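S.K.: Sharing start.cif, mmCIF, C-alpha atoms and all ligand atoms:
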data_coords
loop_
_atom_site.label_atom_id
_atom_site.label_comp_id
_atom_site.auth_asym_id
_atom_site.auth_seq_id
_atom_site.Cartn_x
_atom_site.Cartn_y
_atom_site.Cartn_z
CA ARG G 10 214.73 24.32 -68.88
CA ARG G 11 214.38 27.68 -67.25
CA LEU G 12 214.36 27.84 -63.43
CA THR G 13 211.75 30.20 -62.05
CA TYR G 14 211.93 31.90 -58.64
CA ASP G 15 210.32 34.60 -56.56
CA ALA G 16 213.77 35.98 -55.84
CA ILE G 17 217.31 35.39 -57.04
CA VAL G 18 220.07 36.49 -54.68
CA LEU G 19 223.48 37.11 -56.28
CA GLY G 20 226.46 36.45 -53.96
CA GLY G 21 226.69 33.86 -51.20
CA GLY G 22 228.42 35.98 -48.58
CA ALA G 23 227.10 37.22 -45.25
CA ALA G 24 224.34 39.42 -46.68
CA GLY G 25 223.28 37.06 -49.48
CA LEU G 26 223.07 33.96 -47.26
CA PHE G 27 221.07 35.78 -44.59
CA CYS G 28 218.67 37.41 -47.05
CA ALA G 29 218.07 34.16 -48.96
CA ALA G 30 217.41 32.27 -45.71
CA GLN G 31 215.03 34.91 -44.36
CA ALA G 32 213.03 35.18 -47.58
CA GLY G 33 212.96 31.38 -47.99
CA ARG G 34 211.74 30.89 -44.44
CA ARG G 35 208.92 33.32 -45.21
CA GLY G 36 207.75 31.04 -48.01
CA ARG G 37 209.46 32.64 -50.99
CA LYS G 38 211.02 30.42 -53.62
CA VAL G 39 214.63 31.62 -53.58
CA ALA G 40 217.82 30.89 -55.53
CA LEU G 41 221.23 31.90 -54.24
CA ILE G 42 223.95 32.16 -56.88
CA GLU G 43 227.61 32.07 -55.82
CA HIS G 44 230.33 32.15 -58.46
CA SER G 45 232.99 30.44 -56.35
CA ASP G 46 232.84 26.82 -55.28
CA ARG G 47 232.00 27.64 -51.64
CA PRO G 48 229.75 30.26 -50.06
CA GLY G 49 230.89 32.43 -47.13
CA ARG G 50 234.65 32.34 -47.63
CA LYS G 51 235.09 35.78 -46.13
CA ILE G 52 233.05 34.78 -43.10
CA LEU G 53 235.55 31.99 -42.43
CA ILE G 54 238.58 34.33 -42.38
CA SER G 55 236.80 37.11 -40.51
CA GLY G 56 237.75 38.18 -37.01
CA GLY G 57 240.92 36.06 -37.12
CA GLY G 58 238.82 32.94 -37.85
CA ARG G 59 236.31 33.57 -35.05
CA ALA G 60 234.07 36.14 -36.82
CA ASN G 61 233.33 39.34 -34.94
CA PHE G 62 229.72 38.91 -36.03
CA THR G 63 228.18 41.98 -34.40
CA ASN G 64 228.66 44.67 -31.77
CA LEU G 65 226.48 45.22 -28.72
CA ARG G 66 226.46 48.97 -29.33
CA VAL G 67 225.46 49.80 -32.87
CA ASP G 68 224.65 53.32 -33.97
CA ALA G 69 224.54 55.04 -37.37
CA ARG G 70 227.65 56.97 -36.20
CA ASN G 71 229.64 53.74 -36.50
CA PHE G 72 229.21 53.85 -40.28
CA LEU G 73 230.54 55.99 -43.15
CA SER G 74 228.26 56.91 -46.03
CA ALA G 75 227.57 59.92 -48.23
CA ASN G 76 224.21 59.92 -46.40
CA PRO G 77 224.95 59.23 -42.72
CA HIS G 78 221.22 58.78 -41.95
CA PHE G 79 220.54 56.09 -44.54
CA ALA G 80 221.51 53.09 -42.39
CA LYS G 81 219.36 54.10 -39.39
CA SER G 82 216.09 52.50 -40.42
CA ALA G 83 217.48 49.05 -41.29
CA LEU G 84 219.77 49.04 -38.22
CA ALA G 85 216.81 49.86 -35.97
CA ARG G 86 214.65 47.09 -37.39
CA PHE G 87 217.24 44.33 -37.09
CA THR G 88 219.42 44.81 -34.03
CA PRO G 89 222.47 42.98 -32.68
CA GLN G 90 220.13 41.38 -30.12
CA ASN G 91 218.03 39.92 -32.95
CA PHE G 92 221.12 38.31 -34.43
CA VAL G 93 222.28 37.05 -31.03
CA GLU G 94 218.88 35.37 -30.55
CA LEU G 95 219.47 33.42 -33.74
CA LEU G 96 222.87 32.26 -32.46
CA ARG G 97 221.24 31.15 -29.20
CA GLU G 98 218.61 29.16 -31.12
CA HIS G 99 221.44 27.39 -32.91
CA ARG G 100 223.32 26.91 -29.61
CA ILE G 101 226.43 28.65 -30.88
CA PRO G 102 228.70 29.76 -28.05
CA TYR G 103 230.05 33.32 -28.26
CA HIS G 104 231.72 35.92 -26.06
CA GLU G 105 232.30 39.65 -25.81
CA LYS G 106 235.95 40.49 -26.43
CA THR G 107 236.32 44.27 -26.01
CA LEU G 108 234.28 47.36 -26.84
CA GLY G 109 231.06 45.35 -27.28
CA GLN G 110 232.57 43.11 -29.98
CA LEU G 111 230.96 39.64 -30.10
CA PHE G 112 232.97 36.67 -31.42
CA CYS G 113 232.29 32.95 -31.83
CA ASP G 114 233.95 30.93 -29.05
CA ARG G 115 234.94 28.11 -31.36
CA SER G 116 235.20 29.20 -34.97
CA ALA G 117 233.57 31.26 -37.72
CA GLN G 118 232.55 27.92 -39.22
CA ASP G 119 229.75 27.85 -36.60
CA LEU G 120 228.34 31.04 -38.08
CA LEU G 121 228.56 29.78 -41.66
CA THR G 122 226.96 26.46 -40.69
CA MET G 123 224.12 28.39 -39.03
CA LEU G 124 223.50 30.47 -42.17
CA LEU G 125 223.56 27.38 -44.40
CA THR G 126 221.18 25.55 -42.04
CA GLU G 127 218.83 28.53 -42.19
CA CYS G 128 219.03 28.46 -46.01
CA SER G 129 218.14 24.74 -46.00
CA ALA G 130 215.21 25.44 -43.68
CA GLY G 131 214.05 28.05 -46.21
CA HIS G 132 214.47 25.55 -49.09
CA VAL G 133 216.89 27.90 -50.82
CA ASP G 134 218.37 26.54 -54.06
CA LEU G 135 222.08 27.14 -53.57
CA HIS G 136 223.91 27.26 -56.92
CA THR G 137 227.67 27.36 -56.31
CA SER G 138 230.34 27.55 -59.06
CA THR G 139 227.71 29.36 -61.10
CA LYS G 140 228.66 32.26 -63.30
CA VAL G 141 226.19 34.99 -64.20
CA THR G 142 226.79 36.09 -67.79
CA ALA G 143 223.92 38.56 -68.29
CA VAL G 144 220.97 40.12 -66.47
CA THR G 145 218.00 41.65 -68.27
CA ARG G 146 214.63 42.88 -67.11
CA ASP G 147 211.20 43.34 -68.64
CA THR G 148 208.38 42.44 -66.28
CA ARG G 149 210.68 39.95 -64.54
CA PHE G 150 214.46 39.54 -64.21
CA ARG G 151 216.13 37.09 -66.52
CA VAL G 152 219.52 35.88 -65.33
CA GLU G 153 221.72 34.01 -67.80
CA THR G 154 224.06 31.66 -65.97
CA SER G 155 226.58 28.92 -66.66
CA ARG G 156 223.79 26.52 -65.55
CA GLY G 157 221.26 27.94 -67.94
CA PRO G 158 218.68 30.74 -67.69
CA MET G 159 216.77 31.57 -64.50
CA ASP G 160 214.06 34.11 -63.93
CA SER G 161 212.54 35.85 -60.97
CA ALA G 162 210.28 38.66 -59.85
CA ALA G 163 213.04 40.15 -57.68
CA LEU G 164 216.82 40.31 -57.89
CA VAL G 165 218.95 40.94 -54.81
CA VAL G 166 222.56 41.97 -55.41
CA ALA G 167 224.81 40.90 -52.53
CA THR G 168 228.12 40.50 -54.35
CA GLY G 169 230.12 42.52 -51.80
CA GLY G 170 233.00 44.93 -52.37
CA LEU G 171 236.45 44.80 -53.92
CA SER G 172 238.45 43.78 -50.85
CA ILE G 173 240.56 40.63 -50.81
CA PRO G 174 240.12 39.42 -54.42
CA LYS G 175 241.26 35.91 -53.43
CA THR G 176 238.04 35.41 -51.42
CA GLY G 177 235.99 35.87 -54.60
CA ALA G 178 235.52 39.65 -54.66
CA THR G 179 234.47 41.16 -58.00
CA ALA G 180 233.16 44.48 -59.29
CA PHE G 181 230.04 42.69 -60.52
CA GLY G 182 227.60 44.51 -58.21
CA TYR G 183 228.83 47.95 -59.25
CA ASP G 184 228.71 46.99 -62.93
CA LEU G 185 225.14 45.74 -62.56
CA ALA G 186 224.13 48.94 -60.76
CA ARG G 187 225.59 50.99 -63.64
CA GLN G 188 223.78 48.79 -66.17
CA PHE G 189 220.50 49.80 -64.52
CA GLY G 190 221.53 53.47 -64.42
CA LEU G 191 222.28 53.69 -60.69
CA ALA G 192 224.97 56.09 -59.41
CA ILE G 193 228.03 54.80 -57.57
CA GLU G 194 229.96 56.68 -54.87
CA PRO G 195 233.68 56.28 -55.67
CA THR G 196 235.09 53.14 -54.05
CA PHE G 197 238.23 53.10 -51.88
CA PRO G 198 240.04 50.62 -49.62
CA ALA G 199 238.85 51.06 -46.01
CA LEU G 200 239.96 49.46 -42.73
CA VAL G 201 243.35 49.16 -44.38
CA PRO G 202 246.99 49.49 -43.22
CA LEU G 203 248.72 52.72 -44.27
CA THR G 204 252.18 52.86 -45.85
CA PHE G 205 255.15 55.09 -45.02
CA THR G 206 257.00 57.32 -47.47
CA LYS G 207 260.57 56.21 -48.23
CA ALA G 208 261.96 58.65 -45.65
CA ASP G 209 259.60 57.40 -42.92
CA THR G 210 260.35 53.77 -43.80
CA ALA G 211 264.05 54.52 -43.23
CA ARG G 212 263.22 56.23 -39.93
CA TRP G 213 260.63 53.85 -38.48
CA GLY G 214 260.82 50.62 -40.48
CA GLU G 215 262.97 48.92 -37.85
CA LEU G 216 260.12 49.26 -35.32
CA SER G 217 258.18 46.63 -37.27
CA GLY G 218 256.25 44.46 -34.80
CA VAL G 219 256.08 47.09 -32.03
CA SER G 220 252.56 47.77 -30.78
CA THR G 221 251.39 50.64 -28.56
CA GLU G 222 248.17 52.38 -27.58
CA VAL G 223 247.54 55.66 -29.41
CA ILE G 224 244.81 58.13 -30.21
CA ALA G 225 244.54 58.37 -33.99
CA SER G 226 242.59 61.36 -35.29
CA HIS G 227 241.46 62.81 -38.56
CA GLY G 228 239.11 65.77 -38.50
CA LYS G 229 236.51 65.11 -35.81
CA GLN G 230 237.11 61.35 -35.64
CA HIS G 231 239.24 59.90 -32.84
CA PHE G 232 240.07 56.27 -32.09
CA ARG G 233 241.94 55.25 -28.94
CA GLU G 234 243.20 51.76 -29.69
CA LYS G 235 246.39 49.85 -30.45
CA MET G 236 248.71 50.85 -33.28
CA LEU G 237 251.21 48.45 -34.84
CA TYR G 238 254.38 49.44 -36.70
CA THR G 239 254.89 47.22 -39.76
CA HIS G 240 257.92 47.04 -42.06
CA ARG G 241 256.00 49.12 -44.61
CA GLY G 242 253.98 51.49 -42.46
CA LEU G 243 251.33 51.49 -39.75
CA SER G 244 248.54 49.08 -38.90
CA GLY G 245 246.58 47.82 -35.87
CA PRO G 246 243.00 48.73 -34.93
CA ALA G 247 243.59 52.48 -34.41
CA ILE G 248 245.12 52.83 -37.86
CA LEU G 249 242.55 50.61 -39.61
CA GLN G 250 239.75 52.68 -38.07
CA ILE G 251 241.20 56.05 -39.03
CA SER G 252 242.20 54.78 -42.51
CA SER G 253 238.52 54.79 -43.53
CA TYR G 254 238.44 58.56 -42.92
CA TRP G 255 241.93 59.37 -44.22
CA LYS G 256 242.26 61.21 -47.54
CA PRO G 257 245.42 60.72 -49.66
CA GLY G 258 247.97 63.48 -49.19
CA THR G 259 246.66 64.59 -45.80
CA PRO G 260 248.43 64.11 -42.47
CA LEU G 261 247.42 61.60 -39.86
CA ASN G 262 247.52 62.92 -36.31
CA LEU G 263 248.64 60.51 -33.64
CA ASP G 264 248.96 60.91 -29.90
CA LEU G 265 251.59 58.30 -29.06
CA LEU G 266 251.43 58.98 -25.32
CA PRO G 267 247.71 59.22 -24.57
CA GLY G 268 246.99 60.51 -21.09
CA VAL G 269 250.68 60.74 -20.12
CA ASP G 270 252.33 64.04 -19.20
CA PHE G 271 256.00 63.61 -20.00
CA SER G 272 256.90 67.31 -19.91
CA THR G 273 257.78 67.20 -16.20
CA ALA G 274 260.23 64.27 -16.45
CA PRO G 275 263.76 65.15 -15.23
CA PRO G 276 265.88 65.74 -18.39
CA HIS G 277 268.77 63.52 -17.26
CA GLU G 278 266.30 60.64 -16.87
CA ALA G 279 264.46 61.20 -20.18
CA ARG G 280 265.66 57.96 -21.76
CA LYS G 281 264.88 55.83 -18.73
CA GLN G 282 261.51 57.48 -18.12
CA LEU G 283 260.38 57.20 -21.72
CA SER G 284 261.19 53.49 -21.72
CA LEU G 285 258.73 53.11 -18.86
CA LYS G 286 255.95 54.81 -20.85
CA LEU G 287 256.52 53.26 -24.29
CA PRO G 288 257.77 49.94 -25.63
CA GLN G 289 261.57 50.00 -25.13
CA ARG G 290 262.47 49.81 -28.84
CA MET G 291 260.07 52.59 -29.68
CA ALA G 292 261.37 54.87 -26.91
CA GLU G 293 264.99 54.31 -28.02
CA ARG G 294 264.21 54.92 -31.69
CA TRP G 295 262.25 58.07 -31.01
CA LEU G 296 265.03 59.56 -28.92
CA ASP G 297 267.68 58.63 -31.50
CA VAL G 298 265.82 59.68 -34.62
CA GLU G 299 264.66 62.97 -33.27
CA SER G 300 268.02 63.76 -31.63
CA PHE G 301 266.11 64.96 -28.61
CA THR G 302 269.04 64.20 -26.37
CA GLN G 303 271.48 66.60 -28.10
CA PRO G 304 273.00 68.30 -26.21
CA VAL G 305 270.51 68.40 -23.32
CA PRO G 306 267.20 66.63 -23.70
CA SER G 307 264.25 68.94 -24.00
CA VAL G 308 261.50 66.94 -22.36
CA LYS G 309 258.95 69.52 -23.35
CA LYS G 310 259.86 69.02 -27.02
CA ILE G 311 259.71 65.24 -26.63
CA ASP G 312 256.33 65.51 -24.94
CA THR G 313 254.88 67.73 -27.67
CA ARG G 314 256.23 65.58 -30.52
CA LEU G 315 254.91 62.35 -29.06
CA HIS G 316 251.48 63.80 -28.31
CA GLN G 317 251.19 65.43 -31.73
CA TRP G 318 252.90 63.18 -34.21
CA SER G 319 251.78 64.26 -37.65
CA VAL G 320 252.70 61.83 -40.38
CA VAL G 321 251.68 61.93 -44.04
CA PRO G 322 251.27 58.32 -45.23
CA ALA G 323 252.40 57.50 -48.77
CA GLY G 324 249.17 55.58 -49.33
CA THR G 325 247.27 52.47 -48.27
CA GLU G 326 248.02 48.77 -48.73
CA GLY G 327 245.12 48.72 -51.22
CA PHE G 328 242.22 46.33 -51.78
CA ASP G 329 244.50 43.28 -51.30
CA LYS G 330 244.76 44.11 -47.59
CA ALA G 331 241.61 46.19 -47.00
CA GLU G 332 239.00 44.63 -44.75
CA VAL G 333 236.20 46.46 -46.55
CA THR G 334 235.40 48.72 -49.48
CA GLY G 335 234.29 52.29 -48.87
CA GLY G 336 231.81 53.90 -51.26
CA GLY G 337 229.55 51.82 -53.48
CA VAL G 338 225.99 51.95 -54.78
CA SER G 339 224.70 55.41 -53.89
CA THR G 340 222.16 55.41 -51.07
CA ASN G 341 220.24 58.11 -52.99
CA GLU G 342 219.22 55.35 -55.37
CA LEU G 343 217.81 53.03 -52.69
CA SER G 344 214.91 52.98 -50.26
CA SER G 345 216.30 53.00 -46.72
CA GLN G 346 213.30 50.87 -45.66
CA THR G 347 213.76 48.05 -48.17
CA MET G 348 217.10 48.51 -50.04
CA GLU G 349 215.10 48.44 -53.29
CA ALA G 350 216.26 50.67 -56.15
CA ARG G 351 213.80 53.57 -56.40
CA GLN G 352 213.85 53.58 -60.20
CA VAL G 353 214.00 49.81 -60.74
CA PRO G 354 211.23 47.96 -58.87
CA GLY G 355 212.32 44.49 -57.75
CA LEU G 356 216.07 45.26 -57.79
CA PHE G 357 217.71 45.31 -54.35
CA PHE G 358 221.28 45.99 -53.16
CA ILE G 359 222.43 44.80 -49.73
CA GLY G 360 225.65 44.43 -47.72
CA GLU G 361 229.01 45.87 -48.60
CA VAL G 362 228.18 46.74 -52.24
CA VAL G 363 226.07 49.62 -50.84
CA ASP G 364 227.73 52.90 -49.82
CA VAL G 365 227.56 52.06 -46.10
CA THR G 366 230.88 51.14 -44.50
CA GLY G 367 231.22 50.14 -40.88
CA TRP G 368 233.97 50.67 -38.34
CA LEU G 369 236.10 47.78 -37.22
CA GLY G 370 234.34 45.80 -34.49
CA GLY G 371 231.49 43.75 -36.00
CA TYR G 372 229.72 46.69 -37.63
CA ASN G 373 230.16 45.48 -41.21
CA PHE G 374 228.51 42.17 -40.47
CA GLN G 375 225.71 43.92 -38.59
CA TRP G 376 225.09 46.03 -41.70
CA ALA G 377 225.08 42.85 -43.82
CA TRP G 378 222.46 41.23 -41.51
CA ALA G 379 220.31 44.37 -41.15
CA SER G 380 220.24 45.31 -44.84
CA ALA G 381 219.57 41.66 -45.77
CA TYR G 382 216.70 41.53 -43.30
CA ALA G 383 215.16 44.75 -44.67
CA ALA G 384 215.21 43.36 -48.22
CA ALA G 385 213.92 39.92 -47.14
CA GLN G 386 210.96 41.54 -45.38
CA ALA G 387 210.11 43.53 -48.51
CA LEU G 388 210.39 40.38 -50.64
CA SER G 389 207.91 38.63 -48.40
CA VAL G 390 205.16 41.23 -48.68
CA GLY G 391 202.28 40.47 -51.00
P1 LIG G 401 230.84 39.21 -49.04
O1 LIG G 401 230.83 38.53 -47.72
O2 LIG G 401 232.13 39.67 -49.60
O3 LIG G 401 230.13 38.22 -50.06
C1 LIG G 401 230.02 38.47 -51.43
C2 LIG G 401 229.87 37.14 -52.12
O4 LIG G 401 229.54 37.35 -53.48
C3 LIG G 401 231.14 36.32 -52.10
O5 LIG G 401 230.85 35.01 -51.68
C4 LIG G 401 231.62 36.36 -53.56
O6 LIG G 401 232.32 35.18 -53.92
C5 LIG G 401 230.30 36.49 -54.28
N1 LIG G 401 230.39 37.08 -55.60
C6 LIG G 401 231.15 38.12 -56.01
N2 LIG G 401 230.94 38.37 -57.31
C7 LIG G 401 230.03 37.47 -57.74
C8 LIG G 401 229.41 37.22 -58.98
N3 LIG G 401 229.72 37.94 -60.07
N4 LIG G 401 228.50 36.22 -59.07
C9 LIG G 401 228.20 35.45 -57.99
N5 LIG G 401 228.77 35.64 -56.79
C10 LIG G 401 229.67 36.64 -56.66
N6 LIG G 401 233.35 42.37 -40.66
C11 LIG G 401 232.89 42.28 -39.40
O7 LIG G 401 231.83 42.82 -39.10
N7 LIG G 401 233.56 41.55 -38.46
C12 LIG G 401 234.73 40.90 -38.73
O8 LIG G 401 235.30 40.21 -37.87
C13 LIG G 401 235.28 41.03 -40.04
N8 LIG G 401 236.47 40.46 -40.36
C14 LIG G 401 236.94 40.57 -41.63
C15 LIG G 401 238.19 39.99 -41.94
C16 LIG G 401 238.68 40.07 -43.22
C17 LIG G 401 240.03 39.46 -43.54
C18 LIG G 401 237.91 40.71 -44.23
C19 LIG G 401 238.41 40.77 -45.64
C20 LIG G 401 236.70 41.30 -43.91
C21 LIG G 401 236.20 41.26 -42.62
N9 LIG G 401 234.99 41.86 -42.27
C22 LIG G 401 234.52 41.76 -41.00
C23 LIG G 401 234.15 42.53 -43.27
C24 LIG G 401 233.01 41.59 -43.68
O9 LIG G 401 233.57 40.31 -43.97
C25 LIG G 401 232.26 42.12 -44.88
O10 LIG G 401 231.85 43.44 -44.67
C26 LIG G 401 231.03 41.25 -45.17
O11 LIG G 401 231.45 39.94 -45.46
C27 LIG G 401 230.22 41.81 -46.32
O12 LIG G 401 229.20 40.90 -46.63
P2 LIG G 401 228.62 40.81 -48.11
O13 LIG G 401 227.72 39.64 -48.11
O14 LIG G 401 228.13 42.12 -48.54
O15 LIG G 401 229.90 40.51 -49.02
#
Please rewrite the model in this file as structure tokens.
Ligand code: FAD
M.R.:
Amino acid sequence: RRLTYDAIVLGGGAAGLFCAAQAGRRGRKVALIEHSDRPGRKILISGGGRANFTNLRVDARNFLSANPHFAKSALARFTPQNFVELLREHRIPYHEKTLGQLFCDRSAQDLLTMLLTECSAGHVDLHTSTKVTAVTRDTRFRVETSRGPMDSAALVVATGGLSIPKTGATAFGYDLARQFGLAIEPTFPALVPLTFTKADTARWGELSGVSTEVIASHGKQHFREKMLYTHRGLSGPAILQISSYWKPGTPLNLDLLPGVDFSTAPPHEARKQLSLKLPQRMAERWLDVESFTQPVPSVKKIDTRLHQWSVVPAGTEGFDKAEVTGGGVSTNELSSQTMEARQVPGLFFIGEVVDVTGWLGGYNFQWAWASAYAAAQALSVG
């Protein structure tokens, strides 16, 4: 027996759950297909288990895309305040951590439970452990699944990006876009730790675990946040942020002493003074590695080096460690009002599979909610 729907949503992550719930609540008959046994696995591990579900200050500048204007319309029509209202309705406690980032007080499970409750309220048919084997389209979409065929007037692709394969990530969304002739912007790991070359690992590897505030820059982008040395390279919020802009083979520019003028320190006190400005281990290592103290310390040289550390990373930790995927379904192919493919009526792409990638800080979830909302509104017209 074939199941018939107004809309089938593929992928039970943040965007898919929210879109299915919104369309269902507006009276559409909706199916949500998730290939793994549980929806929302990435939501549960997000924000260290507390889900940084949005940011109080959202602007198109907080996103990367081949078309930086594309996200504006959807972001304006579904704001962080709209999402916060939903949390209030569900009595979910939350707090602002830093830089406008909102987190659940208790656990990301609260957020997932809210989305599932909303799906139930919208009478969404949730099909978990369901594999899609083929999608075809004539006047309607026909979706062949491991539970038999389903058909629908609209198909919403919310299968996410390539990051963290163990949470269920697949290239399905990109493959489906290609099947329908849509262009893809090349994908790359974003919000990802960067690795050292062999020589830099030998120099800095022992600083693994040391964290310090830096300004990380690449081109016109600057992020003043914490940086963490790891045994393989660099991580922490400043590095994750700049990694989305970094291009292989290019240097990363780091100010390791933001706002501190070290050039006037008395040379005979360089070691002591630097230990007051930086974590002790880092100060010691920098002085030793750079031989700044031979024969007389040049504080000016130390100051310049620390303010303008230029390091060429060997690469990134890849999709296994990347929080998101950059690139994706080209925004040229989609309506910025509805997320519908211009050439394929009824086919929508939402969330991370689209070439819109947010900064660290709740922006990727906000894009998932806003793009899902735009599509759900379009599904409910007529
Ligand atoms: P996903 O949430 O990835 O959902 C896609 C779903 O589709 C998955 O359930 C997957 O199993 C399913 N799927 C895949 N292929 C198929 C298929 N062929 N058939 C059926 N189903 C399929 N962002 C923030 O804003 N704040 C945070 O705090 C935050 N923390 C993060 C922490 C980690 C460790 C990671 C990895 C990411 C984090 N992110 C965070 C990013 C955020 O989780 C994603 O941007 C967001 O989940 C994207 O939503 P989505 O619905 O597009 O994709």
S.K.: May I have the protein, DNA and RNA residues with any atom at most 10 Å from the point (211.8, 40.2, -45.5), counting all atoms listed in the file, written as a ChimeraX atom specification?
M.R.: /G:28-35,37,347,380-390
S.K.: What does the structure give for the distance between atom C14 of ligand LIG 401 (chain G) and atom CA of Ala40 of chain G, in Å to one decimal?
M.R.: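 Taking atom C14 of ligand LIG 401 (chain G) and atom CA of Ala40 of chain G, their separation equals 25.5 Å.
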S.K.: Find the spatial neighbours of Leu263 of chain G, counting all atoms listed in the file, within a cut-off of 10 Å - ignore same-chain residues fewer than 5 positions away - and output them as number ranges by chain.
M.R.: G: 223-227, 231-233, 236, 247-248, 314-320
S.K.: Which residue is closest to ligand LIG 401 (chain G)? Choose from G:Asp160, G:Glu222, G:Asp184, G:Asp209 and count all atoms listed in the file.
M.R.: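 Counting all atoms listed in the file, the residue closest to ligand LIG 401 (chain G) is G:Asp184.
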S.K.: Within 7 Å of ligand LIG 401 (chain G), which residues of chain G show up? Give each one with its shortest atom-to-atom distance in Å (one decimal) and the two atoms involved, counting all atoms listed in the file, rows by chain then rising residue number, as JSON lines.
M.R.:
{"residue": "G:Leu19", "atom": "CA", "partner": "G:LIG401", "partner_atom": "C9", "distance": 5.3}
{"residue": "G:Gly20", "atom": "CA", "partner": "G:LIG401", "partner_atom": "O4", "distance": 3.2}
{"residue": "G:Gly21", "atom": "CA", "partner": "G:LIG401", "partner_atom": "O5", "distance": 4.3}
{"residue": "G:Gly22", "atom": "CA", "partner": "G:LIG401", "partner_atom": "O3", "distance": 3.2}
{"residue": "G:Ala23", "atom": "CA", "partner": "G:LIG401", "partner_atom": "O13", "distance": 3.8}
{"residue": "G:Ala24", "atom": "CA", "partner": "G:LIG401", "partner_atom": "O13", "distance": 3.7}
{"residue": "G:Gly25", "atom": "CA", "partner": "G:LIG401", "partner_atom": "O13", "distance": 5.3}
{"residue": "G:Ile42", "atom": "CA", "partner": "G:LIG401", "partner_atom": "C9", "distance": 5.5}
{"residue": "G:Glu43", "atom": "CA", "partner": "G:LIG401", "partner_atom": "N5", "distance": 3.9}
{"residue": "G:His44", "atom": "CA", "partner": "G:LIG401", "partner_atom": "C9", "distance": 4.0}
{"residue": "G:Ser45", "atom": "CA", "partner": "G:LIG401", "partner_atom": "O6", "distance": 5.4}
{"residue": "G:Pro48", "atom": "CA", "partner": "G:LIG401", "partner_atom": "O5", "distance": 5.1}
{"residue": "G:Gly49", "atom": "CA", "partner": "G:LIG401", "partner_atom": "O5", "distance": 5.2}
{"residue": "G:Arg50", "atom": "CA", "partner": "G:LIG401", "partner_atom": "O5", "distance": 6.2}
{"residue": "G:Lys51", "atom": "CA", "partner": "G:LIG401", "partner_atom": "O9", "distance": 5.2}
{"residue": "G:Ile52", "atom": "CA", "partner": "G:LIG401", "partner_atom": "O9", "distance": 5.6}
{"residue": "G:Ile54", "atom": "CA", "partner": "G:LIG401", "partner_atom": "C17", "distance": 5.5}
{"residue": "G:Ser55", "atom": "CA", "partner": "G:LIG401", "partner_atom": "N8", "distance": 3.4}
{"residue": "G:Gly56", "atom": "CA", "partner": "G:LIG401", "partner_atom": "O8", "distance": 3.3}
{"residue": "G:Gly57", "atom": "CA", "partner": "G:LIG401", "partner_atom": "C15", "distance": 6.8}
{"residue": "G:Ala60", "atom": "CA", "partner": "G:LIG401", "partner_atom": "O8", "distance": 4.4}
{"residue": "G:Asn61", "atom": "CA", "partner": "G:LIG401", "partner_atom": "O8", "distance": 3.6}
{"residue": "G:Phe62", "atom": "CA", "partner": "G:LIG401", "partner_atom": "N7", "distance": 5.3}
{"residue": "G:Thr63", "atom": "CA", "partner": "G:LIG401", "partner_atom": "O7", "distance": 6.0}
{"residue": "G:Thr139", "atom": "CA", "partner": "G:LIG401", "partner_atom": "C9", "distance": 6.9}
{"residue": "G:Lys140", "atom": "CA", "partner": "G:LIG401", "partner_atom": "N4", "distance": 5.8}
{"residue": "G:Val141", "atom": "CA", "partner": "G:LIG401", "partner_atom": "N4", "distance": 5.8}
{"residue": "G:Ala167", "atom": "CA", "partner": "G:LIG401", "partner_atom": "O14", "distance": 5.3}
{"residue": "G:Thr168", "atom": "CA", "partner": "G:LIG401", "partner_atom": "O4", "distance": 3.6}
{"residue": "G:Gly169", "atom": "CA", "partner": "G:LIG401", "partner_atom": "O15", "distance": 3.4}
{"residue": "G:Gly170", "atom": "CA", "partner": "G:LIG401", "partner_atom": "O2", "distance": 6.0}
{"residue": "G:Ser172", "atom": "CA", "partner": "G:LIG401", "partner_atom": "C19", "distance": 6.0}
{"residue": "G:Ile173", "atom": "CA", "partner": "G:LIG401", "partner_atom": "C19", "distance": 5.6}
{"residue": "G:Thr176", "atom": "CA", "partner": "G:LIG401", "partner_atom": "O6", "distance": 6.2}
{"residue": "G:Gly177", "atom": "CA", "partner": "G:LIG401", "partner_atom": "O6", "distance": 3.8}
{"residue": "G:Ala178", "atom": "CA", "partner": "G:LIG401", "partner_atom": "C6", "distance": 4.8}
{"residue": "G:Thr179", "atom": "CA", "partner": "G:LIG401", "partner_atom": "N2", "distance": 4.6}
{"residue": "G:Ala180", "atom": "CA", "partner": "G:LIG401", "partner_atom": "N2", "distance": 6.8}
{"residue": "G:Phe181", "atom": "CA", "partner": "G:LIG401", "partner_atom": "N3", "distance": 4.8}
{"residue": "G:Ala331", "atom": "CA", "partner": "G:LIG401", "partner_atom": "C19", "distance": 6.4}
{"residue": "G:Glu332", "atom": "CA", "partner": "G:LIG401", "partner_atom": "C19", "distance": 4.0}
{"residue": "G:Val333", "atom": "CA", "partner": "G:LIG401", "partner_atom": "C23", "distance": 5.5}
{"residue": "G:Ile359", "atom": "CA", "partner": "G:LIG401", "partner_atom": "O14", "distance": 6.4}
{"residue": "G:Gly360", "atom": "CA", "partner": "G:LIG401", "partner_atom": "O14", "distance": 3.5}
{"residue": "G:Glu361", "atom": "CA", "partner": "G:LIG401", "partner_atom": "O14", "distance": 3.9}
{"residue": "G:Val362", "atom": "CA", "partner": "G:LIG401", "partner_atom": "O14", "distance": 5.9}
{"residue": "G:Leu369", "atom": "CA", "partner": "G:LIG401", "partner_atom": "C11", "distance": 6.7}
{"residue": "G:Gly370", "atom": "CA", "partner": "G:LIG401", "partner_atom": "N7", "distance": 5.9}
{"residue": "G:Gly371", "atom": "CA", "partner": "G:LIG401", "partner_atom": "O7", "distance": 3.3}
{"residue": "G:Tyr372", "atom": "CA", "partner": "G:LIG401", "partner_atom": "O7", "distance": 4.6}
{"residue": "G:Asn373", "atom": "CA", "partner": "G:LIG401", "partner_atom": "O7", "distance": 3.8}
{"residue": "G:Phe374", "atom": "CA", "partner": "G:LIG401", "partner_atom": "O7", "distance": 3.6}
{"residue": "G:Gln375", "atom": "CA", "partner": "G:LIG401", "partner_atom": "O7", "distance": 6.2}
{"residue": "G:Ala377", "atom": "CA", "partner": "G:LIG401", "partner_atom": "O12", "distance": 5.4}
